[in-house]
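Raw final_19.csv, CSV, C-alpha atoms:
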```csv
chain,number,residue,atom,x,y,z
C,30,MET,CA,0.0,0.0,0.0
C,31,THR,CA,1.6,3.3,-1.1
C,32,ARG,CA,-0.6,5.6,1.0
C,33,SER,CA,0.7,6.6,4.4
C,34,ALA,CA,-1.1,5.0,7.4
C,35,LYS,CA,-1.7,8.5,8.7
C,36,ASP,CA,-3.7,9.4,5.6
C,37,PHE,CA,-5.8,6.3,5.4
C,38,PHE,CA,-8.7,7.9,7.3
C,39,ALA,CA,-8.5,11.2,5.5
C,40,PRO,CA,-11.3,12.0,2.9
C,41,LEU,CA,-10.2,11.4,-0.7
C,42,ALA,CA,-11.9,14.5,-1.9
C,43,VAL,CA,-12.3,18.0,-0.5
C,44,GLY,CA,-15.7,18.2,1.2
C,45,ALA,CA,-16.3,14.4,1.4
C,46,PRO,CA,-17.3,12.9,4.7
C,47,ALA,CA,-14.6,11.5,6.9
C,48,PRO,CA,-14.1,7.8,6.4
C,49,LEU,CA,-15.4,5.3,8.9
C,50,ARG,CA,-12.9,4.0,11.4
C,51,GLU,CA,-15.0,1.0,12.2
C,52,ILE,CA,-17.7,-0.7,10.1
C,53,PRO,CA,-21.0,-0.9,12.0
C,54,ALA,CA,-22.1,-4.4,13.0
C,55,ARG,CA,-25.6,-4.0,11.6
C,56,PRO,CA,-27.6,-7.2,11.2
C,57,SER,CA,-27.6,-8.4,7.7
C,58,ARG,CA,-28.7,-12.0,7.8
C,59,ALA,CA,-30.5,-11.9,4.5
C,60,ILE,CA,-29.5,-9.6,1.6
C,61,HIS,CA,-32.7,-9.8,-0.5
C,62,PHE,CA,-32.2,-9.1,-4.2
C,63,PHE,CA,-34.9,-7.3,-6.2
C,64,ASP,CA,-35.1,-5.9,-9.7
C,65,PRO,CA,-36.0,-2.2,-9.4
C,66,GLY,CA,-36.9,-2.1,-13.0
C,67,ASN,CA,-39.6,-4.7,-12.6
C,68,GLU,CA,-42.8,-2.8,-11.6
C,69,LYS,CA,-44.4,-5.7,-9.9
C,70,MET,CA,-41.3,-6.5,-7.8
C,71,ALA,CA,-40.7,-2.8,-7.1
C,72,ALA,CA,-44.2,-2.3,-5.8
C,73,LYS,CA,-43.6,-4.9,-3.1
C,74,VAL,CA,-40.5,-3.2,-1.7
C,75,PRO,CA,-42.4,-0.9,0.8
C,76,GLN,CA,-44.2,-4.0,2.2
C,77,MET,CA,-40.9,-5.8,2.7
C,78,VAL,CA,-39.4,-3.0,4.8
C,79,GLY,CA,-39.0,-4.3,8.3
C,80,THR,CA,-39.3,-7.9,7.3
C,81,VAL,CA,-35.7,-8.3,6.0
C,82,ASP,CA,-32.4,-6.9,7.2
C,83,VAL,CA,-31.2,-5.7,3.8
C,84,LEU,CA,-33.0,-4.9,0.5
C,85,LEU,CA,-30.7,-4.8,-2.5
C,86,GLY,CA,-31.6,-3.2,-5.8
C,87,ASN,CA,-29.9,-5.3,-8.4
C,88,LEU,CA,-28.6,-3.5,-11.5
C,89,GLU,CA,-26.2,-6.2,-12.7
C,90,ASP,CA,-26.7,-9.8,-13.6
C,91,ALA,CA,-30.4,-10.8,-14.3
C,92,VAL,CA,-31.1,-7.3,-15.7
C,93,LYS,CA,-31.0,-7.3,-19.5
C,94,ALA,CA,-28.9,-4.7,-21.3
C,95,GLU,CA,-31.9,-2.9,-22.6
C,96,ASN,CA,-33.3,-2.6,-19.1
C,97,LYS,CA,-30.2,-1.3,-17.3
C,98,GLU,CA,-31.3,2.4,-17.4
C,99,LYS,CA,-34.8,1.5,-16.4
C,100,ALA,CA,-33.6,-0.5,-13.4
C,101,ARG,CA,-31.3,2.4,-12.3
C,102,GLN,CA,-34.1,4.9,-12.5
C,103,GLY,CA,-36.4,2.5,-10.7
C,104,LEU,CA,-34.0,2.3,-7.8
C,105,VAL,CA,-33.7,6.1,-7.6
C,106,ASP,CA,-37.5,6.3,-7.5
C,107,ILE,CA,-37.7,3.7,-4.7
C,108,GLY,CA,-34.9,5.4,-2.8
C,109,ARG,CA,-36.7,8.7,-2.9
C,110,SER,CA,-40.2,7.4,-2.0
C,111,THR,CA,-39.5,4.8,0.6
C,112,ASP,CA,-38.8,5.1,4.3
C,113,PHE,CA,-36.6,2.1,5.0
C,114,GLY,CA,-36.4,2.5,8.8
C,115,LYS,CA,-34.1,-0.1,10.2
C,116,THR,CA,-33.9,-2.0,6.9
C,117,GLN,CA,-30.8,-1.2,5.0
C,118,LEU,CA,-30.8,-0.3,1.3
C,119,TRP,CA,-28.0,-1.7,-0.8
C,120,THR,CA,-27.4,-1.9,-4.5
C,121,ARG,CA,-25.3,-4.1,-6.7
C,122,VAL,CA,-23.9,-1.9,-9.6
C,123,ASN,CA,-22.7,-3.2,-12.9
C,124,SER,CA,-19.1,-4.5,-13.2
C,125,LEU,CA,-16.4,-1.8,-13.5
C,126,ASP,CA,-15.6,-3.0,-17.1
C,127,SER,CA,-19.2,-2.5,-18.2
C,128,PRO,CA,-20.6,0.6,-20.0
C,129,TRP,CA,-23.1,1.2,-17.2
C,130,ALA,CA,-21.0,1.2,-14.0
C,131,LEU,CA,-19.9,4.9,-14.1
C,132,ASP,CA,-23.5,6.1,-14.6
C,133,ASP,CA,-24.7,3.7,-11.9
C,134,LEU,CA,-22.4,5.4,-9.4
C,135,THR,CA,-22.8,9.0,-10.5
C,136,THR,CA,-26.6,8.7,-10.6
C,137,LEU,CA,-27.2,6.8,-7.4
C,138,VAL,CA,-24.7,8.7,-5.1
C,139,THR,CA,-26.0,12.1,-6.2
C,140,GLU,CA,-29.7,11.2,-6.3
C,141,ILE,CA,-30.1,8.8,-3.3
C,142,GLY,CA,-26.7,8.7,-1.6
C,143,ASP,CA,-28.3,9.7,1.7
C,144,THR,CA,-30.6,6.7,1.6
C,145,LEU,CA,-28.1,4.0,0.3
C,146,ASP,CA,-26.0,2.2,2.9
C,147,VAL,CA,-23.8,-0.1,0.8
C,148,ILE,CA,-22.7,-0.4,-2.8
C,149,MET,CA,-21.9,-3.9,-3.9
C,150,VAL,CA,-19.2,-4.1,-6.6
C,151,PRO,CA,-19.1,-7.3,-8.7
C,152,LYS,CA,-16.1,-9.1,-10.1
C,153,VAL,CA,-13.5,-7.3,-8.0
C,154,GLN,CA,-10.0,-8.4,-9.1
C,155,GLY,CA,-7.8,-6.5,-6.8
C,156,ALA,CA,-7.2,-3.5,-4.6
C,157,GLU,CA,-7.0,-1.2,-7.7
C,158,ASP,CA,-10.8,-1.8,-8.3
C,159,ILE,CA,-11.6,-0.7,-4.8
C,160,HIS,CA,-9.2,2.3,-5.0
C,161,TYR,CA,-11.1,3.5,-8.2
C,162,VAL,CA,-14.5,3.2,-6.5
C,163,ASP,CA,-13.2,4.8,-3.3
C,164,ARG,CA,-11.9,8.0,-5.0
C,165,LEU,CA,-15.0,8.3,-7.2
C,166,LEU,CA,-17.4,7.9,-4.3
C,167,ALA,CA,-15.5,10.6,-2.3
C,168,GLN,CA,-15.8,13.0,-5.2
C,169,LEU,CA,-19.5,12.3,-5.6
C,170,GLU,CA,-20.2,12.5,-1.9
C,171,ALA,CA,-18.6,15.9,-1.8
C,172,LYS,CA,-20.7,17.0,-4.8
C,173,ALA,CA,-23.9,15.7,-3.3
C,174,GLY,CA,-23.1,17.2,0.1
C,175,LEU,CA,-23.4,13.8,1.9
C,176,THR,CA,-22.4,13.6,5.6
C,177,LYS,CA,-22.2,9.8,5.8
C,178,PRO,CA,-19.7,7.9,3.7
C,179,LEU,CA,-21.1,5.1,1.6
C,180,GLN,CA,-19.7,1.6,2.3
C,181,VAL,CA,-18.4,-0.8,-0.3
C,182,HIS,CA,-19.0,-4.6,-0.5
C,183,ALA,CA,-16.9,-6.7,-3.0
C,184,ILE,CA,-18.0,-10.0,-4.6
C,185,LEU,CA,-15.4,-12.7,-5.1
C,186,GLU,CA,-16.2,-14.0,-8.6
C,187,THR,CA,-12.7,-14.6,-10.1
C,188,ALA,CA,-9.7,-16.6,-9.2
C,189,ARG,CA,-7.6,-13.4,-9.2
C,190,GLY,CA,-10.0,-11.9,-6.7
C,191,VAL,CA,-9.6,-14.8,-4.3
C,192,ALA,CA,-5.8,-14.7,-4.7
C,193,ASN,CA,-5.9,-11.0,-3.9
C,194,ILE,CA,-8.4,-11.3,-1.1
C,195,GLU,CA,-6.4,-9.8,1.7
C,196,GLU,CA,-5.4,-6.7,-0.3
C,197,ILE,CA,-9.0,-6.2,-1.3
C,198,CYS,CA,-10.2,-6.3,2.3
C,199,ALA,CA,-7.5,-3.7,3.2
C,200,ALA,CA,-8.0,-1.4,0.2
C,201,SER,CA,-10.3,1.2,1.8
C,202,PRO,CA,-11.9,2.1,5.1
C,203,ARG,CA,-15.2,1.9,3.2
C,204,MET,CA,-14.9,-1.9,2.9
C,205,GLN,CA,-18.0,-3.4,4.6
C,206,GLY,CA,-17.6,-7.0,3.5
C,207,LEU,CA,-17.2,-9.7,0.9
C,208,SER,CA,-19.6,-12.2,-0.7
C,209,LEU,CA,-19.0,-15.4,-2.4
C,210,GLY,CA,-20.1,-15.4,-6.1
C,211,PRO,CA,-20.0,-19.1,-6.8
C,212,ALA,CA,-21.3,-19.2,-10.4
C,213,ASP,CA,-18.9,-16.7,-11.9
C,214,LEU,CA,-16.1,-18.0,-9.8
C,215,ALA,CA,-16.7,-21.6,-10.9
C,216,ALA,CA,-16.6,-20.5,-14.5
C,217,ASP,CA,-13.4,-18.5,-14.0
C,218,ARG,CA,-11.7,-21.4,-12.2
C,219,ARG,CA,-12.9,-23.8,-14.9
C,220,MET,CA,-14.7,-25.9,-12.3
C,221,LYS,CA,-16.8,-28.6,-13.7
C,222,THR,CA,-20.2,-27.6,-12.2
C,223,THR,CA,-23.2,-25.7,-13.5
C,224,ARG,CA,-24.8,-25.3,-10.0
C,225,VAL,CA,-25.1,-21.9,-8.4
C,226,GLY,CA,-23.7,-22.6,-4.9
C,227,GLY,CA,-24.2,-25.8,-2.9
C,228,GLY,CA,-22.4,-29.1,-3.0
C,229,HIS,CA,-22.0,-31.5,-5.8
C,230,PRO,CA,-22.6,-35.3,-5.8
C,231,GLY,CA,-19.4,-35.9,-7.8
C,232,TYR,CA,-17.3,-34.1,-5.2
C,233,LEU,CA,-17.2,-36.7,-2.5
C,234,VAL,CA,-15.2,-39.0,-0.2
C,235,ARG,CA,-15.8,-42.7,-0.2
C,236,GLN,CA,-15.7,-45.1,2.7
C,237,ASP,CA,-12.8,-47.6,2.7
C,238,PRO,CA,-13.7,-51.0,1.4
C,239,GLN,CA,-14.8,-53.5,4.0
C,240,ARG,CA,-12.7,-56.6,4.6
C,241,ASP,CA,-13.7,-60.2,4.7
C,242,ASP,CA,-12.9,-62.6,7.4
C,243,LEU,CA,-9.4,-63.1,6.0
C,244,GLY,CA,-8.8,-59.3,6.0
C,245,VAL,CA,-9.0,-59.0,2.2
C,246,PRO,CA,-10.5,-55.7,1.0
C,247,GLN,CA,-13.8,-56.2,-0.8
C,248,TYR,CA,-13.4,-53.5,-3.5
C,249,ASP,CA,-16.7,-54.4,-5.2
C,250,GLY,CA,-18.7,-54.4,-1.9
C,251,PRO,CA,-21.1,-51.6,-0.8
C,252,ARG,CA,-19.2,-48.5,0.3
C,253,ALA,CA,-20.9,-45.3,1.6
C,254,THR,CA,-20.1,-42.0,0.0
C,255,TYR,CA,-20.4,-38.5,1.5
C,256,GLN,CA,-21.0,-35.4,-0.6
C,257,GLN,CA,-18.5,-32.6,0.0
C,258,ASP,CA,-18.7,-28.8,-0.1
C,259,LEU,CA,-17.0,-27.3,-3.2
C,260,TRP,CA,-16.8,-23.9,-1.5
C,261,HIS,CA,-15.4,-24.8,1.9
C,262,TYR,CA,-11.9,-23.5,1.1
C,263,THR,CA,-13.0,-20.2,-0.4
C,264,ILE,CA,-15.5,-19.4,2.4
C,265,ALA,CA,-12.9,-20.2,5.1
C,266,ARG,CA,-10.3,-18.0,3.3
C,267,MET,CA,-12.9,-15.2,3.0
C,268,VAL,CA,-13.8,-15.5,6.7
C,269,ASP,CA,-10.2,-15.2,7.7
C,270,ALA,CA,-9.5,-12.2,5.5
C,271,CYS,CA,-12.6,-10.4,6.7
C,272,ALA,CA,-11.9,-11.1,10.4
C,273,MET,CA,-8.4,-9.8,9.9
C,274,HIS,CA,-9.7,-6.5,8.6
C,275,GLY,CA,-12.8,-6.0,10.7
C,276,ILE,CA,-15.3,-6.5,8.0
C,277,TYR,CA,-18.0,-9.1,7.3
C,278,PRO,CA,-18.2,-12.3,5.2
C,279,TYR,CA,-21.4,-13.5,3.4
C,280,TYR,CA,-22.4,-16.6,1.6
C,281,GLY,CA,-23.8,-15.6,-1.8
C,282,PRO,CA,-26.7,-17.1,-3.8
C,283,PHE,CA,-28.1,-20.6,-3.6
C,284,GLY,CA,-29.7,-21.1,-6.9
C,285,ASP,CA,-32.0,-24.1,-6.4
C,286,ILE,CA,-35.0,-22.1,-5.0
C,287,LYS,CA,-37.1,-25.2,-4.4
C,288,ASP,CA,-34.5,-27.2,-2.5
C,289,THR,CA,-35.0,-25.4,0.8
C,290,VAL,CA,-33.4,-28.2,2.8
C,291,ALA,CA,-30.0,-28.0,0.9
C,292,CYS,CA,-30.2,-24.2,1.1
C,293,GLU,CA,-30.6,-24.3,4.9
C,294,ASP,CA,-27.7,-26.7,5.1
C,295,GLN,CA,-25.4,-24.5,3.0
C,296,PHE,CA,-26.3,-21.4,4.9
C,297,ARG,CA,-25.7,-23.2,8.2
C,298,ASN,CA,-22.3,-24.3,7.0
C,299,ALA,CA,-21.4,-20.7,6.2
C,300,PHE,CA,-22.8,-19.5,9.5
C,301,LEU,CA,-20.7,-22.0,11.5
C,302,LEU,CA,-17.6,-21.0,9.6
C,303,GLY,CA,-18.1,-17.3,10.5
C,304,CYS,CA,-20.4,-15.8,7.8
C,305,VAL,CA,-22.9,-13.3,9.1
C,306,GLY,CA,-25.5,-13.6,6.3
C,307,ALA,CA,-26.4,-14.8,2.8
C,308,TRP,CA,-28.1,-13.6,-0.3
C,309,SER,CA,-31.8,-14.3,-0.8
C,310,LEU,CA,-33.1,-14.7,-4.3
C,311,HIS,CA,-36.7,-15.6,-3.3
C,312,PRO,CA,-38.8,-14.7,-0.3
C,313,ALA,CA,-38.7,-18.3,0.9
C,314,GLN,CA,-34.9,-17.9,1.4
C,315,ILE,CA,-35.4,-14.9,3.7
C,316,ALA,CA,-37.0,-17.1,6.4
C,317,ILE,CA,-34.2,-19.7,6.0
C,318,ALA,CA,-31.5,-17.0,6.4
C,319,HIS,CA,-33.2,-15.5,9.4
C,320,LYS,CA,-33.4,-18.9,11.1
C,321,VAL,CA,-29.9,-19.9,10.3
C,322,PHE,CA,-28.0,-16.7,11.0
C,323,SER,CA,-29.8,-16.0,14.3
C,324,PRO,CA,-28.3,-17.8,17.3
C,325,SER,CA,-30.7,-20.4,18.7
C,326,VAL,CA,-32.3,-19.8,22.1
C,327,GLU,CA,-30.4,-22.8,23.4
C,328,ASP,CA,-27.1,-21.4,22.2
C,329,VAL,CA,-27.7,-18.0,23.7
C,330,ALA,CA,-28.8,-19.4,27.0
C,331,HIS,CA,-25.7,-21.6,27.2
C,332,ALA,CA,-23.5,-18.6,26.3
C,333,ARG,CA,-25.0,-16.5,29.0
C,334,ARG,CA,-24.5,-19.2,31.6
C,335,VAL,CA,-20.8,-19.5,30.7
C,336,ILE,CA,-20.2,-15.8,30.8
C,337,ALA,CA,-22.0,-15.6,34.2
C,338,ALA,CA,-20.0,-18.5,35.6
C,339,MET,CA,-16.6,-17.3,34.4
C,340,GLY,CA,-16.8,-14.0,36.3
C,341,ASP,CA,-13.7,-12.0,35.2
C,342,GLY,CA,-13.1,-14.4,32.3
C,343,THR,CA,-10.0,-16.2,33.8
C,344,GLY,CA,-9.6,-19.7,35.0
C,345,ALA,CA,-12.0,-22.6,34.1
C,346,VAL,CA,-15.3,-24.0,35.2
C,347,MET,CA,-17.3,-27.2,34.5
C,348,ILE,CA,-20.8,-26.7,33.0
C,349,ASP,CA,-22.9,-29.7,32.1
C,350,GLY,CA,-19.7,-31.9,32.2
C,351,LYS,CA,-17.8,-29.7,29.8
C,352,MET,CA,-14.8,-27.5,30.6
C,353,GLU,CA,-15.2,-23.8,29.8
C,354,ASP,CA,-12.3,-21.4,29.9
C,355,ASP,CA,-11.3,-18.0,28.7
C,356,ALA,CA,-11.5,-19.1,25.1
C,357,SER,CA,-15.0,-20.3,25.7
C,358,VAL,CA,-16.0,-16.9,27.1
C,359,LYS,CA,-14.8,-15.2,24.0
C,360,GLN,CA,-16.8,-17.5,21.8
C,361,CYS,CA,-19.9,-17.0,24.0
C,362,GLN,CA,-19.4,-13.2,23.9
C,363,VAL,CA,-19.6,-13.3,20.1
C,364,MET,CA,-22.8,-15.3,20.3
C,365,VAL,CA,-24.5,-13.0,22.9
C,366,ALA,CA,-23.4,-9.8,21.1
C,367,LEU,CA,-25.0,-11.1,17.9
C,368,ALA,CA,-28.2,-12.0,19.7
C,369,GLU,CA,-28.4,-8.5,21.2
C,370,GLU,CA,-27.9,-6.9,17.8
C,371,LEU,CA,-30.6,-9.0,16.3
C,372,ALA,CA,-33.1,-8.6,19.2
C,373,ALA,CA,-32.9,-4.8,18.6
C,374,ILE,CA,-34.5,-5.1,15.2
C,375,ASP,CA,-36.4,-8.4,15.4
C,376,PRO,CA,-39.3,-8.3,18.0
C,377,ASP,CA,-39.9,-12.1,17.7
C,378,LEU,CA,-36.3,-12.9,18.5
C,379,LYS,CA,-36.3,-10.4,21.3
C,380,ALA,CA,-39.3,-12.1,22.9
C,381,GLN,CA,-37.5,-15.5,22.6
C,382,TYR,CA,-34.2,-14.2,24.0
C,383,ASP,CA,-36.0,-12.3,26.8
C,384,GLN,CA,-37.6,-15.6,27.9
C,385,ILE,CA,-34.2,-16.9,28.7
C,386,GLU,CA,-33.9,-14.3,31.5
C,387,VAL,CA,-37.2,-15.4,32.9
C,388,GLN,CA,-36.1,-19.0,33.0
C,389,ALA,CA,-32.6,-18.4,34.3
```
Show how you would write the structure in this file as structure tokens.
Amino acid sequence: MTRSAKDFFAPLAVGAPAPLREIPARPSRAIHFFDPGNEKMAAKVPQMVGTVDVLLGNLEDAVKAENKEKARQGLVDIGRSTDFGKTQLWTRVNSLDSPWALDDLTTLVTEIGDTLDVIMVPKVQGAEDIHYVDRLLAQLEAKAGLTKPLQVHAILETARGVANIEEICAASPRMQGLSLGPADLAADRRMKTTRVGGGHPGYLVRQDPQRDDLGVPQYDGPRATYQQDLWHYTIARMVDACAMHGIYPYYGPFGDIKDTVACEDQFRNAFLLGCVGAWSLHPAQIAIAHKVFSPSVEDVAHARRVIAAMGDGTGAVMIDGKMEDDASVKQCQVMVALAEELAAIDPDLKAQYDQIEVQA
């Protein structure tokens, strides 16, 4: 990085708001995509406010070339006319090598920059992409007189992007997080799958052959197989890079809308690894994301017991036959902090978590 550390938190344009020194930990369990150029879909946006953590106006993939300007104007209209309350408004602009990206940014920042929270940038290859967006946003924020800096979210959709993941996370104080883009990433890596996220029956491990009474392996005998996760490595690397830089990792899309069981499994894998949310391509996936990325009542109750029992956080205690120590307290504090953040925006969750106190 060529910029001095002293200058990292200085505005990149005269009159632009001061950069954030810490990215707010706002709940974003489901990032629900909608096409702002689709009148039927756009009409439902006001009804969805308050039912989902993030509503994202999508301008990129799934929007035909002839509809790009219509979608952009539709998002401007929605941003001007809708009170989003505690629901965040994000957008995914077109890729930086497209003929629409510059107009996306100049229009959205100057027209509804005070309503937008996060700008998602697709196909980020390296820090240079973030530097370009960073400077441009500062200029546009100054022009629009914005007092709050917009945040940037990068999608990992290329092998180069994954290889440069640490420098992407460190490229700007605007960086809010990263999302896995499995379809484009699979194509760029030349992976042999046409699925959008999820596992693959061909990517598996097989049980060792059973042996007969003489100890001879029975290679033709029945052997169980276990389907593996194609994205485990990438998600784990993404989680580490985000944690290192104080930003947030997300699972991306799960394409098989009807397979809610596999969708829940994939979301839970990502949650357990450290992701804070996932994309929703259909309203049915919102409920799945809310369920998976919210700590269970049982987990929160246990975490609170451990924190209470550990006192100053040193030493060790036995709870339900298991040793809990200072590392356990740190894990439990993460769980309780997340529960408190979610309870502040989700009345149903708050009621469930409050019941723990009654039973304690």
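Between C:Gly206 and the candidates C:Ala167, C:Ala188, C:Thr289, C:Pro53, the tightest atom-to-atom separation, counting all atoms listed in the file, involves C:Pro53.
Residues in contact with C:Glu170 at up to 9 Å, not including ones fewer than 6 positions away on its chain and judged by only C-alpha atoms, are Ala42, Gly44, Ala45, Pro46, Val138, Thr139, Gly142, Thr176, Lys177, Pro178 and Leu179 of chain C.
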From C:Ser208, C:Gln102, C:Gln257, C:Thr222, residue lying nearest C:Cys304 [all atoms listed in the file]:
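Of C:Ser208, C:Gln102, C:Gln257, C:Thr222, the one nearest C:Cys304, counting all atoms listed in the file, is C:Ser208.
Minimum atom-to-atom distance to C:Ala100, evaluated using only C-alpha atoms, belongs to C:Asp64 out of C:Leu310, C:Asp64, C:Leu84, C:Asp133.
Contact shell of C:Phe300 at 9 Å (only C-alpha atoms; same-chain neighbours under 3 positions omitted): Tyr279, Tyr280, Gln295, Phe296, Arg297, Gly303, Cys304, Val305, Gly306, Ala307, Val321 and Phe322 of chain C.
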Which one is closest to C:Ile374: C:Gly228, C:Gly79, C:Gly340, C:Pro128? Count only C-alpha atoms.
C:Gly79
Using only C-alpha atoms for the distances, tell me which of C:Asn96, C:Ser110, C:Thr187, C:Gln117 is nearest to C:Ile60.
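Using only C-alpha atoms, the shortest distance to C:Ile60 belongs to C:Gln117.
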Between C:Ala318, C:Ala299, C:Met364, C:Val225, which is the closest to C:Ala330 once you count only C-alpha atoms?
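Answer, going by the shortest atom-to-atom distance: C:Met364.
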Identify the residues within 12 Å of coordinate (-37.3, -16.6, 7.6) (same frame as the file), considering all atoms listed in the file, and give the answer as a list in words.
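Residues with an atom at most 12 Å from (-37.3, -16.6, 7.6): Arg58, Ala59, His61, Thr80, Val81, Asp82, Thr289, Glu293, Ser309, His311, Pro312, Ala313, Gln314, Ile315, Ala316, Ile317, Ala318, His319, Lys320, Val321, Phe322, Ser323, Asp375, Asp377 and Leu378 of chain C.
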Could you tell me how far atom CA of C:Val122 sits from atom CA of C:Leu88, in Å to one decimal place?
5.3 Å
Quick one: everything within 8 Å of C:Ile194, counting all atoms listed in the file, minus sequence neighbours fewer than 4 positions away in the same chain. Send it as a list in words.
Gly155, Gly190, Cys198, Met267 and Ala270 of chain C
Counting only C-alpha atoms, write as an NGL selection string all protein and nucleic acid residues lying at most 8 Å from (-36.9, -7.9, -5.7) in the file's frame.
:C and (61-65 or 70-71 or 73-74 or 84-87 or 310)
Atomic distance atom CA of C:Lys115 - atom CA of C:Ala91, expressed in Å with one decimal
27.0 Å
